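Asks: Contents are compact mmCIF, C-alpha atoms and all ligand atoms; file name work.txt:
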```
# COMPACT_ATOMS: atom_id res chain seq x y z
CA MET A 1 -6.48 6.52 -24.54
CA VAL A 2 -3.05 5.91 -23.02
CA SER A 3 -1.51 2.43 -23.43
CA GLU A 4 -0.90 0.13 -20.45
CA ASP A 5 2.82 0.15 -21.28
CA LYS A 6 3.02 3.92 -21.21
CA LEU A 7 1.14 4.02 -17.91
CA HIS A 8 3.48 1.47 -16.34
CA THR A 9 6.65 3.12 -17.65
CA THR A 10 5.54 6.51 -16.41
CA ILE A 11 4.79 5.28 -12.86
CA LYS A 12 7.99 3.25 -12.74
CA ALA A 13 10.08 6.20 -13.90
CA VAL A 14 9.12 8.00 -10.70
CA TRP A 15 9.38 5.11 -8.22
CA ASN A 16 12.36 3.19 -9.59
CA ASN A 17 14.30 5.39 -11.98
CA ALA A 18 14.05 8.92 -10.57
CA GLU A 19 17.11 11.09 -11.06
CA ASP A 20 17.18 12.25 -7.47
CA GLU A 21 17.88 8.98 -5.65
CA THR A 22 17.75 10.49 -2.15
CA TYR A 23 14.32 12.00 -2.85
CA ARG A 24 13.15 8.64 -4.27
CA GLN A 25 14.36 6.72 -1.21
CA ASP A 26 12.81 9.25 1.19
CA GLN A 27 9.49 9.07 -0.69
CA SER A 28 9.68 5.27 -0.61
CA HIS A 29 10.26 5.32 3.19
CA TYR A 30 13.77 3.83 3.34
CA ARG A 31 14.96 3.29 6.87
CA GLY A 32 17.66 5.83 7.78
CA VAL A 33 17.09 8.11 4.75
CA GLY A 34 15.78 11.70 4.84
CA ARG A 35 12.75 11.94 7.16
CA TRP A 36 13.45 8.36 8.22
CA ALA A 37 16.85 9.10 9.74
CA ASP A 38 14.65 9.26 12.85
CA ASP A 39 14.19 5.51 13.39
CA GLU A 40 11.24 6.03 15.76
CA ALA A 41 9.40 7.89 12.99
CA TRP A 42 10.15 5.03 10.60
CA GLN A 43 9.05 2.37 13.09
CA ASP A 44 5.86 4.35 13.77
CA ILE A 45 4.69 3.45 10.23
CA GLY A 46 4.67 -0.24 11.11
CA ARG A 47 3.35 0.32 14.64
CA SER A 48 0.41 2.23 13.23
CA SER A 49 -0.31 -0.59 10.77
CA MET A 50 -0.14 -3.14 13.59
CA GLN A 51 -2.77 -1.12 15.48
CA LYS A 52 -4.92 -1.12 12.35
CA ILE A 53 -4.61 -4.92 12.03
CA LYS A 54 -5.73 -5.25 15.66
CA PHE A 55 -8.68 -2.96 14.92
CA LEU A 56 -9.53 -5.12 11.90
CA TRP A 57 -9.40 -8.21 14.10
CA ARG A 58 -11.83 -6.58 16.56
CA LEU A 59 -14.18 -5.77 13.67
CA LEU A 60 -14.00 -9.42 12.66
CA ASN A 61 -14.53 -10.65 16.24
CA ARG A 62 -11.28 -12.56 16.19
CA PRO A 63 -9.03 -12.98 19.23
CA ASN A 64 -5.57 -11.38 19.14
CA ALA A 65 -4.13 -14.83 19.88
CA SER A 66 -5.05 -15.84 16.32
CA LEU A 67 -2.74 -13.12 14.98
CA ALA A 68 0.16 -15.48 14.30
CA ASN A 69 1.71 -17.16 11.27
CA GLN A 70 -0.35 -15.06 8.90
CA VAL A 71 0.40 -14.85 5.19
CA VAL A 72 0.43 -11.12 4.54
CA LEU A 73 0.55 -9.11 1.33
CA GLU A 74 1.34 -5.43 1.10
CA TRP A 75 0.74 -3.47 -2.10
CA GLY A 76 3.64 -1.00 -2.32
CA PRO A 77 5.95 -1.95 0.59
CA GLY A 78 8.62 0.66 -0.23
CA GLY A 79 11.52 0.33 2.23
CA GLY A 80 9.67 -2.30 4.29
CA ALA A 81 8.46 -0.34 7.34
CA ASN A 82 5.22 -2.39 7.50
CA ALA A 83 7.04 -5.66 6.79
CA PHE A 84 9.13 -4.85 9.85
CA GLY A 85 6.13 -3.72 11.92
CA LEU A 86 4.13 -6.90 11.23
CA ARG A 87 7.05 -9.34 11.58
CA GLU A 88 5.70 -10.85 14.82
CA ILE A 89 2.34 -11.86 13.35
CA SER A 90 3.35 -13.03 9.93
CA SER A 91 5.35 -15.99 8.64
CA ARG A 92 5.50 -14.86 5.01
CA TYR A 93 5.21 -11.31 3.81
CA TYR A 94 4.60 -10.66 0.11
CA GLY A 95 5.47 -7.19 -1.11
CA VAL A 96 4.09 -6.16 -4.51
CA ASP A 97 5.95 -3.16 -5.85
CA ILE A 98 6.60 -1.48 -9.17
CA SER A 99 10.18 -0.79 -8.10
CA GLU A 100 12.74 -3.61 -7.95
CA LYS A 101 15.01 -1.26 -6.00
CA ASN A 102 12.40 -0.91 -3.27
CA LEU A 103 11.80 -4.67 -3.18
CA ALA A 104 15.56 -5.22 -2.80
CA GLU A 105 15.72 -2.66 0.01
CA ALA A 106 12.83 -4.23 1.96
CA GLY A 107 14.46 -7.67 1.59
CA ARG A 108 17.86 -6.30 2.60
CA MET A 109 16.42 -4.61 5.66
CA MET A 110 14.57 -7.74 6.87
CA THR A 111 17.65 -9.88 6.24
CA ALA A 112 19.65 -7.43 8.37
CA GLU A 113 16.96 -7.95 11.02
CA GLY A 114 17.63 -11.71 10.99
CA ARG A 115 14.64 -12.73 8.81
CA PRO A 116 16.24 -13.63 5.45
CA ASN A 117 13.36 -15.71 4.02
CA TYR A 118 10.46 -13.67 5.33
CA PHE A 119 10.04 -10.95 2.71
CA LYS A 120 8.82 -12.28 -0.66
CA PRO A 121 9.37 -9.72 -3.42
CA VAL A 122 6.78 -9.57 -6.21
CA LEU A 123 7.68 -7.20 -9.02
CA LEU A 124 4.72 -5.63 -10.78
CA ALA A 125 5.76 -5.61 -14.43
CA GLY A 126 2.38 -4.94 -16.03
CA VAL A 127 -1.24 -4.34 -15.09
CA PRO A 128 -2.24 -5.02 -11.44
CA GLN A 129 -3.81 -8.39 -12.28
CA SER A 130 -0.52 -9.62 -13.79
CA ILE A 131 0.97 -10.68 -10.42
CA VAL A 132 -1.99 -12.74 -9.24
CA GLY A 133 -0.50 -16.16 -10.12
CA ASP A 134 2.76 -15.33 -8.31
CA VAL A 135 1.29 -15.32 -4.81
CA GLU A 136 -0.19 -18.02 -2.55
CA PRO A 137 -3.61 -17.31 -0.97
CA ILE A 138 -3.24 -14.47 1.54
CA ASN A 139 -4.86 -14.02 4.95
CA ILE A 140 -4.14 -10.32 5.48
CA PHE A 141 -3.48 -7.49 3.03
CA LEU A 142 -2.66 -3.84 3.49
CA SER A 143 -1.64 -0.78 1.57
CA THR A 144 -0.49 2.46 3.18
CA ALA A 145 0.53 5.65 1.39
CA VAL A 146 0.29 3.98 -2.03
CA PHE A 147 -3.20 4.31 -3.52
CA GLN A 148 -2.80 8.09 -3.78
CA HIS A 149 0.11 7.45 -6.15
CA PHE A 150 -1.93 5.49 -8.67
CA PRO A 151 -2.47 7.30 -11.98
CA SER A 152 -6.29 7.12 -11.77
CA ARG A 153 -9.19 5.94 -9.62
CA ASP A 154 -9.75 3.12 -12.11
CA TYR A 155 -6.20 1.85 -11.59
CA GLY A 156 -6.93 1.57 -7.87
CA ILE A 157 -10.09 -0.40 -8.64
CA GLU A 158 -7.98 -2.82 -10.69
CA VAL A 159 -5.68 -3.23 -7.68
CA LEU A 160 -8.72 -4.02 -5.49
CA LYS A 161 -9.77 -6.75 -7.92
CA ALA A 162 -6.25 -8.20 -7.97
CA LEU A 163 -6.16 -8.20 -4.17
CA ARG A 164 -9.53 -9.93 -4.01
CA SER A 165 -8.43 -12.69 -6.35
CA MET A 166 -5.45 -13.50 -4.09
CA CYS A 167 -7.51 -13.78 -0.88
CA ALA A 168 -7.82 -16.97 1.11
CA PRO A 169 -11.33 -17.55 2.49
CA ASN A 170 -11.95 -15.16 5.42
CA ALA A 171 -9.11 -12.82 4.44
CA GLY A 172 -9.26 -9.25 5.65
CA GLY A 173 -7.29 -6.09 5.19
CA PHE A 174 -7.03 -2.35 5.29
CA ILE A 175 -6.24 0.26 2.67
CA GLN A 176 -5.33 3.90 3.09
CA ILE A 177 -6.42 6.33 0.39
CA ARG A 178 -6.77 10.06 -0.01
CA PHE A 179 -10.41 11.14 0.12
CA ASP A 180 -11.88 13.72 -2.19
CA ASN A 181 -13.83 16.41 -0.35
CA GLY A 182 -13.54 19.02 -3.07
CA ASN A 183 -10.16 20.33 -1.88
CA PRO A 184 -8.44 21.20 -5.21
CA LYS A 185 -5.06 20.12 -3.80
CA TYR A 186 -6.22 16.49 -3.94
CA ARG A 187 -8.27 16.65 -7.12
CA GLY A 188 -5.81 14.35 -8.91
CA ILE A 189 -4.18 14.39 -12.31
CA ALA A 190 -6.12 14.93 -15.52
CA SER A 191 -3.68 12.96 -17.68
CA ILE A 192 -0.60 10.77 -17.34
CA GLN A 193 1.52 13.67 -18.60
CA GLU A 194 1.04 15.24 -15.17
CA TYR A 195 2.14 12.15 -13.23
CA GLU A 196 5.81 12.97 -12.74
CA ARG A 197 4.99 16.42 -11.34
CA GLU A 198 1.89 15.44 -9.36
CA HIS A 199 2.59 11.85 -8.27
CA ILE A 200 2.17 12.72 -4.59
CA THR A 201 -1.46 13.70 -5.12
CA ALA A 202 -2.28 11.72 -8.26
CA ASN A 203 -5.83 10.72 -7.26
CA SER A 204 -8.45 10.69 -4.51
CA TYR A 205 -11.89 9.11 -4.01
CA PRO A 206 -15.07 10.40 -2.42
CA ILE A 207 -15.51 8.25 0.69
CA GLU A 208 -18.70 6.65 -0.55
CA VAL A 209 -17.21 5.92 -3.98
CA PHE A 210 -14.37 3.90 -2.45
CA TRP A 211 -16.78 2.14 -0.09
CA ASP A 212 -18.94 1.04 -3.05
CA ALA A 213 -15.85 0.11 -5.08
CA LEU A 214 -14.82 -2.29 -2.32
CA ASP A 215 -18.21 -3.91 -2.44
CA ALA A 216 -18.12 -4.18 -6.24
CA ALA A 217 -14.65 -5.77 -6.08
CA GLY A 218 -15.94 -8.56 -3.82
CA PHE A 219 -15.20 -7.19 -0.37
CA GLN A 220 -17.48 -6.44 2.52
CA PRO A 221 -16.51 -2.92 3.62
CA LEU A 222 -16.38 -2.91 7.44
CA ALA A 223 -15.35 0.55 8.59
CA VAL A 224 -13.52 3.72 7.70
CA ASN A 225 -11.43 5.73 10.15
CA GLY A 226 -8.28 7.79 10.43
CA LEU A 227 -9.70 10.75 8.47
CA ARG A 228 -7.01 13.45 8.45
CA THR A 229 -7.93 16.76 6.86
CA LYS A 230 -4.24 17.77 6.93
CA ASN A 231 -3.51 15.34 4.08
CA ASN A 232 -6.95 13.83 3.28
CA TYR A 233 -5.93 10.36 4.39
CA ALA A 234 -8.65 7.83 5.24
CA THR A 235 -8.31 4.14 6.12
CA PHE A 236 -10.84 1.53 5.00
CA TYR A 237 -11.23 -1.93 6.54
CA MET A 238 -12.70 -4.85 4.63
CA ALA A 239 -13.18 -8.61 4.48
CA ALA A 240 -13.32 -10.90 1.46
CA LYS A 241 -16.97 -11.77 0.71
C1 LIG B 1 5.12 6.26 -0.21
S1 LIG B 1 5.77 4.64 -0.50
C2 LIG B 1 4.90 3.75 0.77
C3 LIG B 1 5.72 2.60 1.33
C4 LIG B 1 5.04 1.81 2.44
N1 LIG B 1 3.73 1.34 2.06
C5 LIG B 1 4.94 2.62 3.71
O1 LIG B 1 3.84 3.05 4.08
O2 LIG B 1 6.00 2.84 4.33
C6 LIG B 1 4.93 4.17 -2.01
C7 LIG B 1 5.35 2.79 -2.54
O3 LIG B 1 4.40 2.39 -3.55
C8 LIG B 1 5.10 1.87 -4.66
N2 LIG B 1 4.24 1.99 -5.84
C9 LIG B 1 3.91 3.11 -6.53
N3 LIG B 1 3.05 2.81 -7.52
C10 LIG B 1 2.83 1.47 -7.45
C11 LIG B 1 2.04 0.57 -8.20
N4 LIG B 1 1.30 0.98 -9.24
N5 LIG B 1 2.05 -0.73 -7.84
C12 LIG B 1 2.81 -1.17 -6.80
N6 LIG B 1 3.59 -0.35 -6.07
C13 LIG B 1 3.60 0.95 -6.39
C14 LIG B 1 6.38 2.68 -4.70
O4 LIG B 1 7.39 2.05 -5.47
C15 LIG B 1 6.71 2.75 -3.21
O5 LIG B 1 7.40 1.61 -2.82
```
Rewrite the coordinates I just gave you, this time as structure tokens.
Ligand SMILES: C[S@@+](CC[C@H](N)C(=O)[O-])C[C@H]1O[C@@H](n2cnc3c(N)ncnc32)[C@H](O)[C@@H]1O

Replies:
Amino acid sequence: MVSEDKLHTTIKAVWNNAEDETYRQDQSHYRGVGRWADDEAWQDIGRSSMQKIKFLWRLLNRPNASLANQVVLEWGPGGGANAFGLREISSRYYGVDISEKNLAEAGRMMTAEGRPNYFKPVLLAGVPQSIVGDVEPINIFLSTAVFQHFPSRDYGIEVLKALRSMCAPNAGGFIQIRFDNGNPKYRGIASIQEYEREHITANSYPIEVFWDALDAAGFQPLAVNGLRTKNNYATFYMAAK
């Protein structure tokens, strides 16, 4: 049984303290770095998330006009591409990240965009539940390209529970995961010792397992879409029960 401290330190070593800083920034989706030197590619991350929020709103039978002044929380904002992409619909944007460097970058980027008080950094310094008291009730939550980096399926379930306990009544959100369809590439790590080498594909869930996990965590699962066999991505939509 690995300790919570060891788990946290091992994840953080990759996302905050990696030796290769350019690789770390590229993997964390920093605007202007590596693959994201192409600003359209970087902005596409946030545009895609905005489309997903609009899809969520259709699932919830809510008019687009009500997409304003939302309190949003993203688990794992990295360089802030989604914070940027959702800036028109949200008044406050909480970013929960294990990396203080990434939180600083997302804040820097939004300040450079003229929104100095918009991005609210929340540093995860322990287990997922540890940040719950640091955040006001949220209306919308999202997580893209993050769950696959958790060290186990169970860790992701703990994140779901933390998200649920921060929800305002009627909150909704979407979460992207990797699905497990038996492809050995996405099988996930067997122990935390493998995390540094395999953090890109650290875990995956059978579709129905994640669907049921949402339900068990207090969400009503609404839909799943965006299945991509190229990288086993799937996006789940849900509302707080
Ligand atoms: C691939 S980036 C995705 C960034 C952003 N969501 C996007 O789609 O552009 C992964 C982010 O998740 C963060 N992260 C990794 N493990 C985490 C954890 N256990 N809790 C919170 N954030 C985590 C990393 O520091 C990084 O910022």

Asks: Residues at most 8 Å from Lys241 (chain A), counting all atoms listed in the file, excluding those fewer than 5 positions away in the same chain, as an MDAnalysis selection string?

Replies: chainID A and resid 170 218:220

Asks: List as a short mmCIF file (atom, residue, chain, number, x, y, z; two decimals) with C-alpha atoms, keeping the file's coordinate frame the protein and nucleic acid residues lying within 7 Å of ligand LIG 1 (chain B), with all atoms listed in the file counted.

Replies:
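To be explicit, this is the file written out as out.cif:
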```cif
data_model
loop_
_atom_site.label_atom_id
_atom_site.label_comp_id
_atom_site.auth_asym_id
_atom_site.auth_seq_id
_atom_site.Cartn_x
_atom_site.Cartn_y
_atom_site.Cartn_z
CA ILE A 11 4.79 5.28 -12.86
CA TRP A 15 9.38 5.11 -8.22
CA ASN A 16 12.36 3.19 -9.59
CA GLN A 27 9.49 9.07 -0.69
CA SER A 28 9.68 5.27 -0.61
CA HIS A 29 10.26 5.32 3.19
CA ILE A 45 4.69 3.45 10.23
CA TRP A 75 0.74 -3.47 -2.10
CA GLY A 76 3.64 -1.00 -2.32
CA PRO A 77 5.95 -1.95 0.59
CA GLY A 78 8.62 0.66 -0.23
CA GLY A 79 11.52 0.33 2.23
CA GLY A 80 9.67 -2.30 4.29
CA ALA A 81 8.46 -0.34 7.34
CA ASN A 82 5.22 -2.39 7.50
CA VAL A 96 4.09 -6.16 -4.51
CA ASP A 97 5.95 -3.16 -5.85
CA ILE A 98 6.60 -1.48 -9.17
CA SER A 99 10.18 -0.79 -8.10
CA ASN A 102 12.40 -0.91 -3.27
CA LEU A 124 4.72 -5.63 -10.78
CA SER A 143 -1.64 -0.78 1.57
CA THR A 144 -0.49 2.46 3.18
CA ALA A 145 0.53 5.65 1.39
CA VAL A 146 0.29 3.98 -2.03
CA HIS A 149 0.11 7.45 -6.15
CA PHE A 150 -1.93 5.49 -8.67
#
```

Asks: Please check which residues have atoms at most 7 Å from (-2.9, -17.7, 4.1) in the file's coordinates, counting all atoms listed in the file, and write them as a list of chain:residue names.

Replies: A:Gln70, A:Val71, A:Pro137, A:Ile138, A:Asn139, A:Ala168

Asks: Choose the residue, out of A:Ile53, A:Ala162, A:Gly107, A:Glu100, that has the smallest atom-to-atom separation from Gly133 (chain A); count all atoms listed in the file.

Replies: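 The closest residue to Gly133 (chain A) is A:Ala162.
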
Asks: Quick check, in Å to one decimal: how far apart do CA of Trp36 (chain A) and CA of Ser48 (chain A) lie?

Replies: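 We find that CA of Trp36 (chain A) and CA of Ser48 (chain A) lie 15.3 Å from each other.
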
Asks: Using all atoms listed in the file, pick whichever of A:Ala234, A:Glu136, A:Asn64, A:Ser191 has the shortest atom-to-atom distance to Gln148 (chain A).

Replies: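 Smallest separation from Gln148 (chain A) among the options: A:Ala234.
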
Asks: Write out as a list in words which residues come within 9 Å of region 173-177 of chain A when counting only C-alpha atoms, dropping same-chain ones fewer than 6 positions away.

Replies: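 The filter keeps Ser49, Lys52, Ile53, Leu56, Asn139, Ile140, Phe141, Leu142, Ser143, Thr144, Ala145, Val146, Phe147, Gln148, Asn203, Ser204, Tyr205, Phe210, Gly226, Asn232, Tyr233, Ala234, Thr235, Phe236, Tyr237, Met238, Ala239 and Ala240 of chain A.
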
Asks: Nearest to Met109 (chain A): which of A:Leu227, A:Val33, A:Ala83, A:Ile200 is it, counting all atoms listed in the file?

Replies: A:Ala83

Asks: Quick check, in Å to one decimal: how far apart do CA of Gly85 (chain A) and CA of Arg47 (chain A) lie?

Replies: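 These atoms are spaced 5.6 Å apart.
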
Asks: Under the rule that all atoms listed in the file are counted, which of A:Lys161, A:Lys54, A:Pro151, A:Arg115 is the nearest residue to Arg197 (chain A)?

Replies: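 For Arg197 (chain A), the nearest of the given residues is A:Pro151.
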
Asks: Would you mind reading off the distance between CA of Gln193 (chain A) and CA of Glu158 (chain A), one decimal, in Å?

Replies: 20.6 Å

Asks: Under the rule that all atoms listed in the file are counted, which of A:Met50, A:Ile189, A:Met166, A:Ile89 is the nearest residue to Leu73 (chain A)?

Replies: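 Of the candidates, the smallest distance to Leu73 (chain A) is held by A:Met166.
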
Asks: Please determine, counting only C-alpha atoms, which residue among A:Lys12, A:Val209, A:Trp57, A:Gly34 has the shortest atom-to-atom distance to Leu222 (chain A).

Replies: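 Looking at the shortest contact to Leu222 (chain A), the residue is A:Trp57.
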
Asks: So that all listed atoms of region 16-28 of chain A fit with 3 Å spare on each side, what axis-aligned box centre and edge lengths in Å, to one decimal, would you give as lines of an AutoDock Vina configuration file?

Replies:
```
center_x = 13.7
center_y = 7.7
center_z = -5.4
size_x = 14.4
size_y = 15.1
size_z = 19.2
```

Asks: If we count all atoms listed in the file and set the cut-off at 12 Å, which residues sit around Gly32 (chain A), ignoring sequence neighbours fewer than 6 positions away in its own chain? Please answer as a list in words.

Replies: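 Answer for this query is Thr22, Gln25, Asp26, Asp38, Asp39, Glu40, Ala41, Trp42, Gln43, Gly79, Gly80, Ala81, Glu105 and Met109 of chain A.
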